[in-house]
Amino acid sequence: MPEAISYDALVIGAGPGGYVCAIRCAQLGLKTAIVDKNPRLGGTCLNVGCIPSKALLHSTEIYHELLHGAKKHGITAKEVSIDVSALMKKKDGVVDKLGMGVRMLVEKRGIEILTGTAKLLGDGQVEVSGEEGTQTVTAKEIILATGSKPVELPFMPYDGDRIVHSDHGIAFDSAPAKLAVIGGGAIGLELGSVWARLGSEVEIIEFLPEIATGFDPDVAKAARRILGKQGLKFSLSTKVTGVDIGESGVTLRAEGPKGDVTFEADKVLVAVGRAPCSDGLGLEELGVVSDKRGSVTVDEAFRTNVEGLRAIGDLIPGPMLAHKAEEDGVACAEILAGQSGHVNYDLVPGVIYVDPEIANVGLGEADAKERNIPVRCGTFPLAANGRALATDATEGLVKVVAHAETDRLLGIQIVARNASELIASAVAHMEYGGSAEDLARTIHAHPTLSESLKEAALASDGRGLHSL
């Protein structure tokens, strides 16, 4: 038997956490390899998640604007139609281009790419099985970055046709007449918006009293009101309990605030969250410790309880977000190289890419009060922002949460067009421990939507200049 190939670092999984970790390892002089079953690197995010969904959201926003918003700008668009197959081709082209880009970045760093599935054998050995056969490689450090998978309801298994998850929801051949979406979080709202713009009657069924978990109730309610005007319907505090699948459609059984209720749909998109994905890795055989959700337990250096085995990204506790996984990957690589890698998990921003976008970072007002932290809040409506008025983007608000005694910024929540870009300013101020006063004194260009952050910070101390 030939001697196993040996590396300093072997990364299993080529999503945002995995490939970024591999690149940083190589930059720091470590002999590195990466394993993934998909020849196109990028993981869930690039192939069936963040990137394709954002391509669909952008394309459908253009279509929706031509149908419903162009006239007010003096633009007449005649015979506007949608070709779903062309839409999907555009989406797939974006994915292909980025996939090639990621592969180039990895190869240019001298990182060995192993295509296949990986199984841990212990003692630093990994069996990689692919189309060209099976090989065994060894590494001083193995980093697990295998990501997550959609959660399946036990009474509603996915069939890829009537009962679908997000992977299927970005690739329908046509817009279903009626789409039921179980879950009012990011995935459900985003894909629900895509298909609603393309003509589907969309019902969002949410178990909790409000959509967009993690946002303050007033912010979430404002977002729901806006989405409702766009055609989305909502059933809150509603628990789906069963399903009947017929030849012509699906009937969902549920318990609502007023008793039993049913929903008729052509397709049901289940978007109730994601779970760590470690299928086939052999974690149980090695005795790797995990929690009840299946998240691998690690210490501050991403070490599992097994020597030489670390884990990052969606596989470990924390928000299942691509940018969080990337930071895990960088920090883990730097720790392997003897540096002081660190991730500030308190300042991982979250974004829901509907229109207007919904973004937050840090603590909300409700969270702060639950922790008995005295707060002072300021809000500013986009309707009072000059750039928003000029660009027909007046739906939404900015909310600043500051410590009532120290004025330190605790959190910021935004419902606004391009909130995903605006939130970076909030993260930057909070990263150095900035105050609402710091944000209020920061000069923002005029006219921009970003001025709304400044105004909300001023409002937190009763000094708002452009709102009452």
# chains A, B, ... in the order shown; residues from 1 in each chain; ligands from 1
call {"tool": "residues_around", "arguments": {"residues": "A:Gly199", "least_positions_apart": "2", "cutoff": "9 Å", "atoms": "only C-alpha atoms", "output": "NGL selection string"}}
result
:A and (175-177 or 195-197 or 201-202)
call {"tool": "write_last_selection", "arguments": {"atoms": "N, CA and C atoms", "output": "CSV table (one decimal), in the first residue's frame"}}
result
chain,number,residue,atom,x,y,z
A,175,ALA,N,-43.5,29.5,-11.9
A,175,ALA,CA,-44.0,30.0,-10.6
A,175,ALA,C,-45.3,29.2,-10.2
A,176,PRO,N,-45.3,28.5,-9.1
A,176,PRO,CA,-46.5,27.8,-8.6
A,176,PRO,C,-47.6,28.8,-8.4
A,177,ALA,N,-48.9,28.4,-8.7
A,177,ALA,CA,-50.0,29.3,-8.5
A,177,ALA,C,-50.1,29.6,-7.0
A,195,TRP,N,-40.9,34.4,-5.5
A,195,TRP,CA,-42.0,33.7,-6.3
A,195,TRP,C,-43.3,34.6,-6.2
A,196,ALA,N,-43.4,35.4,-5.2
A,196,ALA,CA,-44.5,36.3,-5.2
A,196,ALA,C,-44.4,37.4,-6.3
A,197,ARG,N,-43.2,37.8,-6.5
A,197,ARG,CA,-42.9,38.8,-7.6
A,197,ARG,C,-43.2,38.2,-9.0
A,201,GLU,N,-49.2,33.1,-5.4
A,201,GLU,CA,-49.9,33.5,-4.2
A,201,GLU,C,-49.1,32.9,-3.1
A,202,VAL,N,-48.5,33.7,-2.3
A,202,VAL,CA,-47.5,33.2,-1.2
A,202,VAL,C,-48.1,33.4,0.2
call {"tool": "residues_around", "arguments": {"residues": "stretch 308-313 of chain A", "least_positions_apart": "2", "cutoff": "6 Å", "atoms": "only C-alpha atoms", "output": "list in words"}}
result
Gly17, Glu141, Ile142, Ile143, Leu144, Ala145, Phe302, Arg303, Thr304, Val306, Leu315, Ile316, Ala325 and Asp328 of chain A
call {"tool": "select_by_dssp", "arguments": {"residues": "stretch 87-267 of chain A", "states": "helix (DSSP H, G or I)", "output": "VMD selection string"}}
result
chain A and resid 87 to 108 166 to 169 186 to 197 217 to 229
call {"tool": "residues_around", "arguments": {"residues": "A:Gly130", "least_positions_apart": "5", "cutoff": "7 Å", "atoms": "only C-alpha atoms", "output": "PyMOL selection string"}}
result
chain A and resi 115-117
call {"tool": "closest_residue", "arguments": {"among": "A:Leu382, A:Leu121, A:Leu409, A:Ile75", "to": "A:Leu281", "atoms": "only C-alpha atoms"}}
result
A:Leu121
call {"tool": "residues_around", "arguments": {"residues": "stretch 343-355 of chain A", "least_positions_apart": "4", "cutoff": "7 Å", "atoms": "only C-alpha atoms", "output": "list in words"}}
result
Ala186, Leu189, Glu190, Ser193, Lys324, Glu327, Asp328, Ala331, Ala359, Asn360, Val361, Gly362, Arg417, Ser420 and Val427 of chain A
call {"tool": "select_by_dssp", "arguments": {"residues": "stretch 17-192 of chain A", "states": "strand (DSSP E or B)", "output": "ChimeraX atom specification"}}
result
/A:32-36,112-115,117-122,125-130,133-144,148-150,163-164,178-182
call {"tool": "residues_around", "arguments": {"residues": "stretch 223-239 of chain A", "least_positions_apart": "4", "cutoff": "9 Å", "atoms": "only C-alpha atoms", "output": "JSON, numbers by chain"}}
result
{"A": [184, 189, 192, 193, 196, 197, 201, 202, 203, 204, 205, 206, 207, 208, 209, 210, 211, 212, 218, 219, 253, 254, 255, 256, 257, 261, 354, 355, 356, 357, 358, 395, 396, 415]}
call {"tool": "closest_atom_pairs", "arguments": {"of": "stretch 106-220 of chain A", "to": "stretch 262-268 of chain A", "cutoff": "8 Å", "atoms": "only C-alpha atoms", "output": "tab-separated table"}}
result
residue	atom	partner	partner_atom	distance
A:Asp161	CA	A:Lys267	CA	7.2
A:Arg162	CA	A:Lys267	CA	4.6
A:Ile163	CA	A:Val268	CA	5.0
A:Val164	CA	A:Val268	CA	6.1
A:Pro176	CA	A:Asp266	CA	6.1
A:Ala177	CA	A:Asp266	CA	6.6
A:Lys178	CA	A:Ala265	CA	4.8
A:Leu179	CA	A:Lys267	CA	5.2
A:Ala180	CA	A:Val268	CA	4.8
A:Val181	CA	A:Val268	CA	5.8
A:Ile182	CA	A:Val268	CA	7.4
call {"tool": "closest_residue", "arguments": {"among": "A:Ala402, A:Leu286, A:Val126, A:Leu397", "to": "A:Glu455", "atoms": "only C-alpha atoms"}}
result
A:Leu397
call {"tool": "residues_around", "arguments": {"residues": "A:Ser452", "least_positions_apart": "3", "cutoff": "7 Å", "atoms": "only C-alpha atoms", "output": "ChimeraX atom specification"}}
result
/A:380,382,385,398,449,455-456
call {"tool": "decode", "arguments": {"residues": "stretch 392-416 of chain A", "atoms": "N, CA and C atoms", "output": "CSV table (one decimal), in the first residue's frame"}}
result
chain,number,residue,atom,x,y,z
A,392,ASP,N,-37.4,56.8,-4.5
A,392,ASP,CA,-38.6,56.0,-4.2
A,392,ASP,C,-38.3,54.8,-3.3
A,393,ALA,N,-37.6,55.1,-2.2
A,393,ALA,CA,-37.2,54.0,-1.2
A,393,ALA,C,-37.5,54.4,0.2
A,394,THR,N,-38.8,55.0,0.3
A,394,THR,CA,-39.1,55.6,1.6
A,394,THR,C,-39.7,54.6,2.6
A,395,GLU,N,-39.9,53.3,2.3
A,395,GLU,CA,-40.4,52.3,3.2
A,395,GLU,C,-39.2,51.9,4.1
A,396,GLY,N,-39.5,52.0,5.4
A,396,GLY,CA,-38.5,51.5,6.4
A,396,GLY,C,-38.1,52.4,7.5
A,397,LEU,N,-37.1,52.0,8.3
A,397,LEU,CA,-36.6,52.8,9.4
A,397,LEU,C,-35.3,52.3,9.8
A,398,VAL,N,-34.6,53.2,10.6
A,398,VAL,CA,-33.4,52.8,11.3
A,398,VAL,C,-33.6,53.0,12.8
A,399,LYS,N,-33.2,52.0,13.6
A,399,LYS,CA,-33.3,52.0,15.0
A,399,LYS,C,-32.0,51.8,15.7
A,400,VAL,N,-31.6,52.7,16.6
A,400,VAL,CA,-30.3,52.7,17.3
A,400,VAL,C,-30.7,52.4,18.8
A,401,VAL,N,-29.9,51.4,19.3
A,401,VAL,CA,-30.1,51.0,20.7
A,401,VAL,C,-28.8,51.3,21.4
A,402,ALA,N,-28.8,52.3,22.4
A,402,ALA,CA,-27.6,52.7,23.1
A,402,ALA,C,-27.8,52.4,24.6
A,403,HIS,N,-26.7,52.2,25.3
A,403,HIS,CA,-26.7,52.1,26.8
A,403,HIS,C,-27.2,53.4,27.4
A,404,ALA,N,-28.2,53.4,28.2
A,404,ALA,CA,-28.7,54.6,28.8
A,404,ALA,C,-27.7,55.4,29.6
A,405,GLU,N,-26.8,54.7,30.2
A,405,GLU,CA,-25.8,55.4,31.1
A,405,GLU,C,-24.5,55.7,30.4
A,406,THR,N,-24.0,54.8,29.6
A,406,THR,CA,-22.7,55.1,29.0
A,406,THR,C,-22.7,55.6,27.6
A,407,ASP,N,-23.9,55.5,26.9
A,407,ASP,CA,-24.1,55.8,25.5
A,407,ASP,C,-23.5,54.9,24.5
A,408,ARG,N,-22.9,53.8,25.0
A,408,ARG,CA,-22.2,52.9,24.1
A,408,ARG,C,-23.3,52.2,23.2
A,409,LEU,N,-23.0,52.1,21.9
A,409,LEU,CA,-23.9,51.4,21.0
A,409,LEU,C,-24.0,50.0,21.4
A,410,LEU,N,-25.3,49.5,21.5
A,410,LEU,CA,-25.5,48.1,21.8
A,410,LEU,C,-26.0,47.4,20.6
A,411,GLY,N,-26.7,48.1,19.7
A,411,GLY,CA,-27.2,47.4,18.5
A,411,GLY,C,-27.9,48.4,17.6
A,412,ILE,N,-28.0,48.0,16.4
A,412,ILE,CA,-28.7,48.8,15.3
A,412,ILE,C,-29.5,47.8,14.5
A,413,GLN,N,-30.7,48.3,14.2
A,413,GLN,CA,-31.6,47.5,13.3
A,413,GLN,C,-32.1,48.4,12.2
A,414,ILE,N,-32.1,47.9,11.0
A,414,ILE,CA,-32.4,48.7,9.8
A,414,ILE,C,-33.4,47.9,8.9
A,415,VAL,N,-34.4,48.7,8.5
A,415,VAL,CA,-35.3,48.2,7.4
A,415,VAL,C,-35.2,49.3,6.3
A,416,ALA,N,-34.4,49.0,5.3
A,416,ALA,CA,-34.2,50.0,4.2
A,416,ALA,C,-33.6,49.3,3.0
